[in-house]
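**Q** Attaching a single structure in structure tokens format; questions to follow.
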Amino acid sequence: MTQPNSIEARDIAYHLHPYTNAKKHRETGPLVIERGHGIYVTDSNGHTYIEAMAGLWSVALGFSEKRLIAAATRQMETLPFYHTFTHKSHGPVIDLAERMVGMAPVPMSKAFFTNSGSEANDTALKLIWYRANALGQPQRKKVISRERAYHGVTIAAASLTGLAGNHRSFDLPIPGILRTGCPHHWRDAEAGESEEAFATRRAEELEQLILREGPETIAAFWGEPVQGAGGVVVPPRTYWEKIQQVLRKYDILLVADEVICGFGRTGRMFGSQTYGIEPDIMLLSKQLSSSYLPISALVANERVIAPIVEESDRIGTLGHGFTAGGHPVAAAVALETLKIIEERGLVEHAAAVGNRLQAGLAGLLDHPLVGEVRGVGLVAAIELVVDKSRKQALPAPGQLGTLVNAQLQAHGVIGRNMLDAVAFCPPLIITEAEVDELVARVRRALDASLALARAAA
Ligand code: PMP
């Protein structure tokens with residue numbers, strides 16, 4: 001029971017939480033995190049946890065990077081705010097735009113700044129519509145997204161998201177968002193179907209969808225290189241190559257949502273490099289500033305930008321932009337984050353410790369509750385089952401995942417379950433010894449879950 005006027009009681013009284021059962025929260029109460037250090041956070045009762053999700057897939061540099069604080073302070077003291085509407089600009093946003101275009105894995109033209117992954121996704125859809133009108137192709141407005149995709153929660157972004165929980169009772173998705181299959185081989189492949197054959201089938205399904213709808217009506221295909229919030233779905237071999245062949249054939253733009261994958265997460269600077277993706281638009285956020293401040297960006301090539309420039313001249317303005325987009329303090333923190341990632345070789349580090357994490361988690365495959373271990377670099381998931389051969393979890397979807405996630409927390413690990421998968425996405429600064437400690441705690445949590453899961457089956 002929470003004490004009256006305790007921090008927990010006040011949270012229950014006054015705070016409506018995102019992604020939370022608001023009624024259940026009255027009994028469960030909050031886990032109040034008070035401080036962080038390195039990969040660890042400490043709650044208001046003094047318990048310390050490995051933050052194995054880096055917050056929300058985002059705190060690349062851990063919870064105590066002094067250089068980011070110094071960068072923010074310096075910028076606050078010089079120019080705490082300025083905007084970029086109506087021809088105004090400032091140094092940090094110019095430096096960051098140049099940096100992002102320069103570091104992109106394919107030739108890019110310009111960067112546009114927003115404050116969240118959702119805003120970057122909404123902006124991308126609006127710019128794609130604007131461009132279609134600029135090109136005199138007003139019929140080319142539909143876009144294709146995938147089952148289990150996660151692109152955010154604003155109206156367009158939530159519509160692009162392929163998860164029922166983001167649509168139900170919100171009257172979403174909006175029209176014009178088409179859906180194609182999720183590339184999860186373990187779950188969706190037919191018996192005996194190889195990864196390559198499954199990838200071919202997904203690409204054929206995409207082509208059939210395009211032909212059914214009319215290729216001239218399709219503007220873009222949307223995808224995370226690795227699907228994150230849908231349960232860390234790593235694409236099967238040859239998937240992206242085959243998908244891109246179809247898109248090129250029908251002149252369809254490719255939007256890579258790199259909000260999780262960007263800046264080293266998959267062991268390369270961008271997920272697009274890990275999978276040979278050549279996007280027309282990249283969406284970036286989270287690790288861009290290590291989430292110390294909100295910032296996101298859309299980076300697009302000339303094929304996208306040139307018609308937008310023309311249309312803005314025809315209309316007289318590009319009537320889009322957020323007050324805080326490209327905020328100078330957030331931009332300064334982002335620049336410093338990128339500098340640290342480069343100076344400390346954190347992308348190569350993520351690849352190396354990522355291999356250790358993947359191998360360590362794969363070592364849990366002998367556990368009765370572990371159905372599949374999947375991942376790349378420093379992002380991974382364990383698919384939980386009670387019946388391995390039938391790939392089945394407990395009767396209620398998410399029941400087993402919630403149970404194991406609670407045991408992880410009890411064993412000093414903050415993870416996150418997406419239905420019956422538990423995800424791990426630790427800060428990029430995690431060391432080999434910390435990876436080993438994380439894996440050991442996960443095993444103990446699984447052991448503690450076993451009797452509870454059997455009792456619930
Ligand atoms: N795209 C992806 C791939 C994401 O993972 C997320 C957030 N988890 C978003 C978009 C939305 O970002 P935000 O929560 O900052 O709106």
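If you're wondering about the labels, chains in the structure tokens are A, B, ... by order shown, residues count from 1 in each chain, ligands from 1 in order shown.
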Find the residues near Phe85 in chain A: any atom within 12 Å, counting only C-alpha atoms, skip ones fewer than 4 places away on the same chain, and give them as a list in words.
**A**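 The neighbour list is Ser89, His90, Phe112, Phe113, Thr317, Leu318, Gly319, His320, Gly321, Phe322, Thr323, Ala324, Gly325, Gly326 and His327 of chain A.
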**Q** For the contact check between chain A and ligand 1, emit one row per residue of chain A within 8 Å, containing the shortest atom pair and the distance in Å rounded to one decimal, counting only C-alpha atoms and all ligand atoms, chain then rising number order, as CSV.
**A**
```
residue,atom,partner,partner_atom_place_in_ligand_line,distance
A:Leu56,CA,ligand 1,8 (N),6.4
A:Trp57,CA,ligand 1,8 (N),7.0
A:Asn115,CA,ligand 1,15 (O),7.3
A:Ser116,CA,ligand 1,15 (O),3.7
A:Gly117,CA,ligand 1,12 (O),3.2
A:Ser118,CA,ligand 1,16 (O),3.6
A:Glu119,CA,ligand 1,16 (O),6.3
A:Ala120,CA,ligand 1,10 (C),7.8
A:Asn121,CA,ligand 1,10 (C),6.8
A:Ala149,CA,ligand 1,3 (C),7.7
A:Tyr150,CA,ligand 1,2 (C),5.3
A:His151,CA,ligand 1,1 (N),3.7
A:Gly152,CA,ligand 1,11 (C),3.7
A:Val153,CA,ligand 1,16 (O),6.3
A:Thr154,CA,ligand 1,16 (O),7.5
A:Ala157,CA,ligand 1,10 (C),7.5
A:Glu224,CA,ligand 1,3 (C),5.7
A:Gln227,CA,ligand 1,3 (C),6.9
A:Gly228,CA,ligand 1,5 (O),5.7
A:Ala229,CA,ligand 1,5 (O),5.9
A:Asp257,CA,ligand 1,3 (C),5.4
A:Glu258,CA,ligand 1,3 (C),6.0
A:Val259,CA,ligand 1,3 (C),4.6
A:Ile260,CA,ligand 1,5 (O),5.1
A:Cys261,CA,ligand 1,3 (C),7.6
A:Leu283,CA,ligand 1,1 (N),7.7
A:Ser285,CA,ligand 1,15 (O),6.9
A:Lys286,CA,ligand 1,15 (O),6.9
A:Pro294,CA,ligand 1,15 (O),7.7
A:Ser296,CA,ligand 1,15 (O),7.6
```
**Q** Quick one: everything within 12 Å of Thr78 in chain A, counting only C-alpha atoms, minus sequence neighbours fewer than 4 positions away in the same chain. Send it as an mmCIF file with N, CA, C and O atoms, in the first residue's frame.
**A**
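The new file result_26.cif reads:
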```
data_model
loop_
_atom_site.group_PDB
_atom_site.id
_atom_site.type_symbol
_atom_site.label_atom_id
_atom_site.label_comp_id
_atom_site.auth_asym_id
_atom_site.auth_seq_id
_atom_site.Cartn_x
_atom_site.Cartn_y
_atom_site.Cartn_z
ATOM 1 N N ALA A 71 27.603 20.411 -22.596
ATOM 2 C CA ALA A 71 27.202 20.948 -23.909
ATOM 3 C C ALA A 71 25.881 21.695 -23.791
ATOM 4 O O ALA A 71 25.705 22.786 -24.363
ATOM 5 N N ALA A 72 24.951 21.130 -23.031
ATOM 6 C CA ALA A 72 23.648 21.784 -22.841
ATOM 7 C C ALA A 72 23.821 23.099 -22.082
ATOM 8 O O ALA A 72 23.231 24.125 -22.454
ATOM 9 N N THR A 73 24.638 23.075 -21.062
ATOM 10 C CA THR A 73 24.843 24.282 -20.245
ATOM 11 C C THR A 73 25.458 25.401 -21.088
ATOM 12 O O THR A 73 24.979 26.540 -21.064
ATOM 13 N N ARG A 74 26.491 25.050 -21.846
ATOM 14 C CA ARG A 74 27.141 26.061 -22.713
ATOM 15 C C ARG A 74 26.126 26.700 -23.652
ATOM 16 O O ARG A 74 26.069 27.911 -23.806
ATOM 17 N N TYR A 82 16.170 29.434 -29.979
ATOM 18 C CA TYR A 82 15.764 30.179 -31.157
ATOM 19 C C TYR A 82 15.114 29.213 -32.120
ATOM 20 O O TYR A 82 15.264 27.998 -32.004
ATOM 21 N N HIS A 90 20.361 29.162 -36.634
ATOM 22 C CA HIS A 90 21.376 29.314 -35.584
ATOM 23 C C HIS A 90 22.445 28.244 -35.787
ATOM 24 O O HIS A 90 22.213 27.245 -36.483
ATOM 25 N N GLY A 91 23.585 28.454 -35.168
ATOM 26 C CA GLY A 91 24.742 27.588 -35.387
ATOM 27 C C GLY A 91 24.503 26.112 -35.132
ATOM 28 O O GLY A 91 24.795 25.282 -36.009
ATOM 29 N N PRO A 92 23.975 25.746 -33.957
ATOM 30 C CA PRO A 92 23.849 24.311 -33.672
ATOM 31 C C PRO A 92 22.990 23.559 -34.700
ATOM 32 O O PRO A 92 23.331 22.430 -35.090
ATOM 33 N N PRO A 328 18.100 24.773 -30.204
ATOM 34 C CA PRO A 328 19.566 24.891 -30.140
ATOM 35 C C PRO A 328 20.197 24.048 -29.030
ATOM 36 O O PRO A 328 21.309 23.517 -29.228
ATOM 37 N N VAL A 329 19.530 23.911 -27.886
ATOM 38 C CA VAL A 329 20.137 23.134 -26.800
ATOM 39 C C VAL A 329 20.102 21.639 -27.145
ATOM 40 O O VAL A 329 21.098 20.927 -26.970
ATOM 41 N N ALA A 332 22.721 21.043 -29.769
ATOM 42 C CA ALA A 332 24.071 21.029 -29.194
ATOM 43 C C ALA A 332 24.339 19.691 -28.492
ATOM 44 O O ALA A 332 25.435 19.130 -28.605
#
```
**Q** Any idea what's packed within 12 Å of Gln139 in chain A, counting only C-alpha atoms, ignoring anything in its chain fewer than 6 positions away? Could you give it as a ChimeraX atom specification?
**A** /A:128-133,176,213-219
**Q** Return as a PyMOL selection string the full set of residues in range 44-268 of chain A whose backbone-based DSSP assignment is strand (DSSP E or B).
**A** chain A and resi 48-51+110-114+142-146+177-180+218-223+227+233+253-257
**Q** Include N, CA, C and O atoms and write out the residues we just selected as a compact mmCIF listing (two decimals), in the first residue's frame.
**A**
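Dumped everything to out.txt:
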```
# COMPACT_ATOMS: atom_id res chain seq x y z
N THR A 48 18.64 -0.66 -7.17
CA THR A 48 19.35 -0.33 -8.41
C THR A 48 19.13 -1.43 -9.44
O THR A 48 19.10 -2.62 -9.10
N TYR A 49 18.93 -1.03 -10.70
CA TYR A 49 18.62 -1.96 -11.79
C TYR A 49 19.60 -1.73 -12.95
O TYR A 49 20.00 -0.58 -13.18
N ILE A 50 19.88 -2.78 -13.70
CA ILE A 50 20.49 -2.59 -15.02
C ILE A 50 19.36 -2.09 -15.92
O ILE A 50 18.33 -2.75 -16.05
N GLU A 51 19.55 -0.92 -16.53
CA GLU A 51 18.51 -0.41 -17.44
C GLU A 51 18.74 -1.07 -18.80
O GLU A 51 19.40 -0.51 -19.68
N LYS A 110 19.04 17.17 -47.53
CA LYS A 110 18.74 18.12 -46.46
C LYS A 110 18.14 17.40 -45.24
O LYS A 110 17.57 16.32 -45.37
N ALA A 111 18.27 18.09 -44.08
CA ALA A 111 17.67 17.59 -42.84
C ALA A 111 16.60 18.57 -42.37
O ALA A 111 16.76 19.79 -42.50
N PHE A 112 15.52 18.02 -41.83
CA PHE A 112 14.43 18.82 -41.24
C PHE A 112 14.28 18.32 -39.80
O PHE A 112 14.24 17.12 -39.56
N PHE A 113 14.15 19.26 -38.85
CA PHE A 113 14.17 18.84 -37.44
C PHE A 113 12.80 18.91 -36.77
O PHE A 113 12.03 19.85 -36.98
N THR A 114 12.56 17.91 -35.95
CA THR A 114 11.31 17.75 -35.19
C THR A 114 11.70 17.32 -33.77
O THR A 114 12.89 17.26 -33.46
N LYS A 142 -0.99 6.97 -51.38
CA LYS A 142 -1.05 5.83 -50.45
C LYS A 142 0.36 5.42 -50.04
O LYS A 142 1.30 5.55 -50.83
N VAL A 143 0.48 4.93 -48.83
CA VAL A 143 1.77 4.41 -48.39
C VAL A 143 1.58 3.02 -47.78
O VAL A 143 0.49 2.68 -47.31
N ILE A 144 2.64 2.26 -47.82
CA ILE A 144 2.57 0.87 -47.34
C ILE A 144 3.43 0.72 -46.08
O ILE A 144 4.61 1.09 -46.09
N SER A 145 2.82 0.20 -45.06
CA SER A 145 3.55 -0.09 -43.83
C SER A 145 3.30 -1.57 -43.48
O SER A 145 2.53 -2.24 -44.16
N ARG A 146 3.96 -2.04 -42.43
CA ARG A 146 3.90 -3.49 -42.17
C ARG A 146 3.18 -3.83 -40.87
O ARG A 146 3.10 -3.01 -39.96
N ILE A 177 -3.45 4.12 -45.73
CA ILE A 177 -2.29 3.38 -45.20
C ILE A 177 -2.54 1.90 -45.49
O ILE A 177 -3.48 1.31 -44.96
N LEU A 178 -1.72 1.32 -46.33
CA LEU A 178 -1.88 -0.09 -46.68
C LEU A 178 -0.93 -0.92 -45.82
O LEU A 178 0.09 -0.43 -45.38
N ARG A 179 -1.30 -2.17 -45.63
CA ARG A 179 -0.51 -3.01 -44.70
C ARG A 179 0.00 -4.25 -45.41
O ARG A 179 -0.76 -4.92 -46.11
N THR A 180 1.27 -4.53 -45.21
CA THR A 180 1.81 -5.79 -45.72
C THR A 180 2.45 -6.57 -44.57
O THR A 180 2.56 -6.06 -43.46
N ILE A 218 0.69 4.59 -55.28
CA ILE A 218 1.52 4.30 -54.10
C ILE A 218 2.74 5.23 -54.07
O ILE A 218 3.55 5.24 -55.00
N ALA A 219 2.86 5.98 -52.98
CA ALA A 219 3.95 6.94 -52.88
C ALA A 219 5.19 6.35 -52.19
O ALA A 219 6.30 6.63 -52.60
N ALA A 220 4.97 5.57 -51.14
CA ALA A 220 6.13 5.17 -50.33
C ALA A 220 5.88 3.88 -49.57
O ALA A 220 4.74 3.50 -49.30
N PHE A 221 7.00 3.23 -49.24
CA PHE A 221 7.01 2.06 -48.35
C PHE A 221 7.76 2.48 -47.09
O PHE A 221 8.79 3.15 -47.17
N TRP A 222 7.23 2.08 -45.96
CA TRP A 222 7.76 2.50 -44.67
C TRP A 222 8.30 1.30 -43.91
O TRP A 222 7.60 0.28 -43.81
N GLY A 223 9.50 1.39 -43.35
CA GLY A 223 9.94 0.26 -42.53
C GLY A 223 11.08 0.60 -41.59
O GLY A 223 11.95 1.41 -41.91
N GLN A 227 12.40 -4.23 -36.81
CA GLN A 227 11.20 -3.77 -36.11
C GLN A 227 11.45 -3.83 -34.61
O GLN A 227 11.78 -4.88 -34.07
N VAL A 233 11.94 -7.61 -34.38
CA VAL A 233 11.86 -8.55 -35.49
C VAL A 233 13.02 -8.27 -36.43
O VAL A 233 13.09 -7.23 -37.07
N LEU A 253 9.01 5.40 -53.15
CA LEU A 253 10.01 5.88 -52.20
C LEU A 253 10.13 4.91 -51.02
O LEU A 253 9.17 4.24 -50.64
N LEU A 254 11.33 4.89 -50.44
CA LEU A 254 11.56 4.06 -49.26
C LEU A 254 11.90 4.95 -48.07
O LEU A 254 12.86 5.72 -48.11
N VAL A 255 11.08 4.83 -47.04
CA VAL A 255 11.32 5.56 -45.79
C VAL A 255 11.89 4.57 -44.77
O VAL A 255 11.22 3.60 -44.42
N ALA A 256 13.11 4.83 -44.32
CA ALA A 256 13.70 3.98 -43.27
C ALA A 256 13.52 4.68 -41.93
O ALA A 256 14.08 5.75 -41.71
N ASP A 257 12.73 4.08 -41.08
CA ASP A 257 12.55 4.62 -39.73
C ASP A 257 13.67 4.06 -38.87
O ASP A 257 13.62 2.93 -38.40
```
**Q** Can you work out the spacing between CA of Leu96 in chain A and CA of Ile39 in chain A in Å, to one decimal?
**A**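 Computing it gives 26.4 Å between the two atoms.
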**Q** Using DSSP on the backbone coordinates, identify the residues of range 41-238 of chain A assigned to helix (DSSP H, G or I); present them as a CSV table (one decimal) with N, CA and C atoms, in the first residue's frame.
**A**
```
chain,number,residue,atom,x,y,z
A,54,ALA,N,17.8,0.8,-22.0
A,54,ALA,CA,18.4,2.2,-22.3
A,54,ALA,C,17.2,3.2,-22.3
A,55,GLY,N,16.3,3.0,-21.2
A,55,GLY,CA,15.2,3.9,-21.2
A,55,GLY,C,14.1,3.4,-22.2
A,56,LEU,N,14.0,4.1,-23.3
A,56,LEU,CA,13.1,3.7,-24.3
A,56,LEU,C,14.0,3.5,-25.6
A,57,TRP,N,14.9,2.5,-25.6
A,57,TRP,CA,15.8,2.2,-26.7
A,57,TRP,C,16.7,3.4,-27.0
A,66,LYS,N,28.7,13.4,-18.4
A,66,LYS,CA,28.9,14.8,-18.0
A,66,LYS,C,29.1,15.7,-19.2
A,67,ARG,N,29.6,15.2,-20.3
A,67,ARG,CA,29.9,16.1,-21.5
A,67,ARG,C,28.6,16.5,-22.1
A,68,LEU,N,27.5,15.8,-22.0
A,68,LEU,CA,26.3,16.2,-22.6
A,68,LEU,C,25.7,17.3,-21.7
A,69,ILE,N,25.9,17.2,-20.4
A,69,ILE,CA,25.4,18.2,-19.5
A,69,ILE,C,26.2,19.5,-19.8
A,70,ALA,N,27.5,19.4,-20.0
A,70,ALA,CA,28.3,20.6,-20.3
A,70,ALA,C,27.9,21.2,-21.6
A,71,ALA,N,27.6,20.4,-22.6
A,71,ALA,CA,27.2,20.9,-23.9
A,71,ALA,C,25.9,21.7,-23.8
A,72,ALA,N,25.0,21.1,-23.0
A,72,ALA,CA,23.6,21.8,-22.8
A,72,ALA,C,23.8,23.1,-22.1
A,73,THR,N,24.6,23.1,-21.1
A,73,THR,CA,24.8,24.3,-20.2
A,73,THR,C,25.5,25.4,-21.1
A,74,ARG,N,26.5,25.1,-21.8
A,74,ARG,CA,27.1,26.1,-22.7
A,74,ARG,C,26.1,26.7,-23.7
A,75,GLN,N,25.3,25.9,-24.3
A,75,GLN,CA,24.3,26.4,-25.2
A,75,GLN,C,23.2,27.2,-24.5
A,76,MET,N,22.8,26.8,-23.4
A,76,MET,CA,21.8,27.5,-22.6
A,76,MET,C,22.3,28.9,-22.3
A,77,GLU,N,23.6,29.0,-22.0
A,77,GLU,CA,24.2,30.3,-21.6
A,77,GLU,C,24.4,31.2,-22.8
A,78,THR,N,24.5,30.6,-24.0
A,78,THR,CA,24.7,31.4,-25.2
A,78,THR,C,23.4,31.8,-25.8
A,91,GLY,N,23.6,28.5,-35.2
A,91,GLY,CA,24.7,27.6,-35.4
A,91,GLY,C,24.5,26.1,-35.1
A,92,PRO,N,24.0,25.7,-34.0
A,92,PRO,CA,23.8,24.3,-33.7
A,92,PRO,C,23.0,23.6,-34.7
A,93,VAL,N,21.9,24.2,-35.2
A,93,VAL,CA,21.0,23.4,-36.1
A,93,VAL,C,21.7,23.3,-37.5
A,94,ILE,N,22.5,24.3,-37.8
A,94,ILE,CA,23.2,24.3,-39.1
A,94,ILE,C,24.3,23.2,-39.0
A,95,ASP,N,25.0,23.2,-37.9
A,95,ASP,CA,26.1,22.2,-37.8
A,95,ASP,C,25.5,20.8,-37.8
A,96,LEU,N,24.4,20.6,-37.1
A,96,LEU,CA,23.8,19.3,-37.0
A,96,LEU,C,23.2,18.8,-38.4
A,97,ALA,N,22.6,19.8,-39.1
A,97,ALA,CA,22.1,19.4,-40.4
A,97,ALA,C,23.2,19.0,-41.3
A,98,GLU,N,24.3,19.7,-41.3
A,98,GLU,CA,25.4,19.4,-42.1
A,98,GLU,C,26.0,18.0,-41.7
A,99,ARG,N,26.1,17.8,-40.4
A,99,ARG,CA,26.6,16.5,-39.9
A,99,ARG,C,25.7,15.3,-40.4
A,100,MET,N,24.4,15.5,-40.3
A,100,MET,CA,23.5,14.4,-40.6
A,100,MET,C,23.5,14.1,-42.0
A,101,VAL,N,23.5,15.1,-42.9
A,101,VAL,CA,23.6,14.8,-44.3
A,101,VAL,C,24.9,14.2,-44.6
A,102,GLY,N,26.0,14.7,-44.0
A,102,GLY,CA,27.3,14.1,-44.3
A,102,GLY,C,27.5,12.7,-43.9
A,103,MET,N,26.9,12.3,-42.8
A,103,MET,CA,27.1,11.0,-42.2
A,103,MET,C,26.1,9.9,-42.8
A,117,GLY,N,10.1,11.0,-32.5
A,117,GLY,CA,10.0,10.0,-33.6
A,117,GLY,C,8.6,10.2,-34.3
A,118,SER,N,7.6,10.3,-33.5
A,118,SER,CA,6.3,10.5,-34.1
A,118,SER,C,6.2,11.7,-35.0
A,119,GLU,N,6.7,12.8,-34.6
A,119,GLU,CA,6.6,14.0,-35.4
A,119,GLU,C,7.5,13.8,-36.7
A,120,ALA,N,8.6,13.1,-36.6
A,120,ALA,CA,9.4,12.9,-37.8
A,120,ALA,C,8.6,12.0,-38.8
A,121,ASN,N,7.9,11.0,-38.3
A,121,ASN,CA,7.1,10.2,-39.1
A,121,ASN,C,5.9,11.0,-39.7
A,122,ASP,N,5.2,11.8,-38.9
A,122,ASP,CA,4.1,12.6,-39.5
A,122,ASP,C,4.6,13.5,-40.5
A,123,THR,N,5.8,14.1,-40.2
A,123,THR,CA,6.4,15.1,-41.2
A,123,THR,C,6.7,14.4,-42.5
A,124,ALA,N,7.2,13.2,-42.4
A,124,ALA,CA,7.6,12.4,-43.6
A,124,ALA,C,6.3,12.2,-44.5
A,125,LEU,N,5.2,11.8,-43.8
A,125,LEU,CA,4.0,11.6,-44.6
A,125,LEU,C,3.5,12.9,-45.2
A,126,LYS,N,3.5,13.9,-44.5
A,126,LYS,CA,3.1,15.2,-45.0
A,126,LYS,C,3.9,15.7,-46.2
A,127,LEU,N,5.2,15.5,-46.1
A,127,LEU,CA,6.1,15.9,-47.1
A,127,LEU,C,6.0,15.1,-48.4
A,128,ILE,N,5.7,13.8,-48.1
A,128,ILE,CA,5.4,12.9,-49.3
A,128,ILE,C,4.2,13.3,-50.0
A,129,TRP,N,3.1,13.7,-49.3
A,129,TRP,CA,1.9,14.1,-50.0
A,129,TRP,C,2.1,15.4,-50.7
A,130,TYR,N,2.9,16.3,-50.0
A,130,TYR,CA,3.2,17.7,-50.6
A,130,TYR,C,4.0,17.5,-51.9
A,131,ARG,N,4.9,16.5,-51.9
A,131,ARG,CA,5.8,16.2,-53.0
A,131,ARG,C,4.9,15.7,-54.2
A,132,ALA,N,4.0,14.8,-53.8
A,132,ALA,CA,3.1,14.2,-54.9
A,132,ALA,C,2.4,15.3,-55.6
A,133,ASN,N,1.8,16.2,-54.8
A,133,ASN,CA,1.1,17.3,-55.5
A,133,ASN,C,2.1,18.2,-56.3
A,134,ALA,N,3.3,18.4,-55.8
A,134,ALA,CA,4.3,19.2,-56.5
A,134,ALA,C,4.6,18.5,-57.9
A,155,ILE,N,-1.3,11.1,-35.2
A,155,ILE,CA,-2.4,10.5,-36.0
A,155,ILE,C,-1.8,9.7,-37.2
A,156,ALA,N,-0.9,10.3,-38.0
A,156,ALA,CA,-0.3,9.6,-39.1
A,156,ALA,C,0.6,8.5,-38.6
A,157,ALA,N,1.5,8.8,-37.6
A,157,ALA,CA,2.4,7.8,-37.2
A,157,ALA,C,1.7,6.6,-36.6
A,158,ALA,N,0.7,6.9,-35.8
A,158,ALA,CA,-0.1,5.7,-35.2
A,158,ALA,C,-0.7,4.9,-36.3
A,159,SER,N,-1.1,5.6,-37.4
A,159,SER,CA,-1.8,4.9,-38.5
A,159,SER,C,-0.7,4.0,-39.2
A,160,LEU,N,0.5,4.5,-39.3
A,160,LEU,CA,1.6,3.7,-39.9
A,160,LEU,C,2.0,2.5,-39.0
A,164,ALA,N,-2.5,-3.3,-33.0
A,164,ALA,CA,-3.9,-3.1,-32.7
A,164,ALA,C,-4.1,-2.1,-31.5
A,165,GLY,N,-3.2,-2.2,-30.5
A,165,GLY,CA,-3.3,-1.4,-29.3
A,165,GLY,C,-3.2,0.1,-29.6
A,166,ASN,N,-2.5,0.5,-30.7
A,166,ASN,CA,-2.4,1.9,-31.1
A,166,ASN,C,-3.6,2.4,-31.9
A,185,HIS,N,10.3,-14.6,-39.3
A,185,HIS,CA,10.5,-15.9,-39.9
A,185,HIS,C,10.0,-17.0,-38.9
A,186,TRP,N,10.4,-16.9,-37.6
A,186,TRP,CA,10.1,-17.9,-36.6
A,186,TRP,C,8.6,-18.0,-36.4
A,187,ARG,N,7.9,-16.9,-36.5
A,187,ARG,CA,6.4,-16.9,-36.2
A,187,ARG,C,5.6,-17.2,-37.5
A,188,ASP,N,6.1,-16.6,-38.6
A,188,ASP,CA,5.2,-16.5,-39.8
A,188,ASP,C,5.6,-17.4,-41.0
A,195,GLU,N,14.6,-19.0,-44.7
A,195,GLU,CA,14.6,-17.6,-44.6
A,195,GLU,C,14.5,-16.9,-45.9
A,196,GLU,N,15.3,-17.4,-46.9
A,196,GLU,CA,15.3,-16.8,-48.2
A,196,GLU,C,13.9,-17.0,-48.9
A,197,ALA,N,13.3,-18.2,-48.8
A,197,ALA,CA,12.0,-18.4,-49.4
A,197,ALA,C,10.9,-17.5,-48.8
A,198,PHE,N,11.0,-17.4,-47.5
A,198,PHE,CA,10.1,-16.6,-46.8
A,198,PHE,C,10.2,-15.1,-47.2
A,199,ALA,N,11.5,-14.6,-47.4
A,199,ALA,CA,11.7,-13.3,-47.8
A,199,ALA,C,11.1,-13.1,-49.2
A,200,THR,N,11.3,-14.1,-50.1
A,200,THR,CA,10.7,-14.0,-51.5
A,200,THR,C,9.2,-13.9,-51.4
A,201,ARG,N,8.6,-14.7,-50.5
A,201,ARG,CA,7.2,-14.7,-50.4
A,201,ARG,C,6.7,-13.3,-49.9
A,202,ARG,N,7.4,-12.7,-48.9
A,202,ARG,CA,7.0,-11.4,-48.5
A,202,ARG,C,7.1,-10.3,-49.6
A,203,ALA,N,8.2,-10.4,-50.4
A,203,ALA,CA,8.4,-9.5,-51.5
A,203,ALA,C,7.3,-9.7,-52.6
A,204,GLU,N,6.9,-10.9,-52.8
A,204,GLU,CA,5.8,-11.2,-53.8
A,204,GLU,C,4.5,-10.7,-53.3
A,205,GLU,N,4.2,-10.8,-52.0
A,205,GLU,CA,3.0,-10.3,-51.4
A,205,GLU,C,3.0,-8.7,-51.5
A,206,LEU,N,4.1,-8.1,-51.3
A,206,LEU,CA,4.2,-6.7,-51.5
A,206,LEU,C,3.9,-6.3,-52.9
A,207,GLU,N,4.4,-7.0,-53.9
A,207,GLU,CA,4.2,-6.7,-55.3
A,207,GLU,C,2.7,-6.9,-55.6
A,208,GLN,N,2.1,-7.9,-55.1
A,208,GLN,CA,0.7,-8.2,-55.4
A,208,GLN,C,-0.2,-7.0,-54.8
A,209,LEU,N,0.2,-6.6,-53.7
A,209,LEU,CA,-0.6,-5.5,-53.0
A,209,LEU,C,-0.5,-4.2,-53.9
A,210,ILE,N,0.8,-3.9,-54.4
A,210,ILE,CA,1.0,-2.7,-55.2
A,210,ILE,C,0.2,-2.9,-56.5
A,211,LEU,N,0.2,-4.0,-57.1
A,211,LEU,CA,-0.6,-4.2,-58.4
A,211,LEU,C,-2.1,-4.1,-58.2
A,212,ARG,N,-2.5,-4.7,-57.0
A,212,ARG,CA,-4.0,-4.6,-56.7
A,212,ARG,C,-4.4,-3.1,-56.6
A,213,GLU,N,-3.6,-2.4,-55.9
A,213,GLU,CA,-4.0,-1.0,-55.6
A,213,GLU,C,-3.7,0.0,-56.7
A,215,PRO,N,0.0,0.7,-59.0
A,215,PRO,CA,1.3,1.3,-58.7
A,215,PRO,C,1.3,2.8,-58.7
A,216,GLU,N,0.5,3.4,-59.6
A,216,GLU,CA,0.6,4.9,-59.7
A,216,GLU,C,-0.1,5.6,-58.5
A,217,THR,N,-0.7,4.8,-57.6
A,217,THR,CA,-1.3,5.4,-56.4
A,217,THR,C,-0.5,5.3,-55.2
```
**Q** For the atom pair CA of Ser58 in chain A and CA of Arg344 in chain A, what is the interatomic distance in Å to one decimal place?
**A**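 Separation between CA of Ser58 in chain A and CA of Arg344 in chain A: 17.6 Å.
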**Q** What separation in Å, quoted to one decimal, exists between CA of Pro107 in chain A and CA of Glu310 in chain A?
**A** 20.2 Å
**Q** Identify, on the basis of only C-alpha atoms, every residue whose closest approach to Ser389 in chain A does not exceed 12 Å; exclude the query and any residue fewer than 5 positions from it along the same chain; express the result as number ranges by chain.
**A** A: 186, 368-372
**Q** Find the spatial neighbours of Gly231 in chain A, counting only C-alpha atoms, within a cut-off of 12 Å - ignore same-chain residues fewer than 3 positions away - and output them as JSON, numbers by chain.
**A** {"A": [147, 148, 149, 150, 162, 163, 182, 183, 184, 187, 224, 226, 227, 228, 234, 235, 372, 373, 374, 375, 379, 380, 381, 382, 383, 384, 398, 401, 416, 417, 418, 419, 420, 421, 422, 423, 424, 425]}
**Q** Which is closest to Ala393 in chain A among A:Ala456, A:Leu357, A:Met108, A:Leu438, if we use only C-alpha atoms?
**A**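 Checking each candidate against Ala393 in chain A, we get A:Ala456 as the closest.
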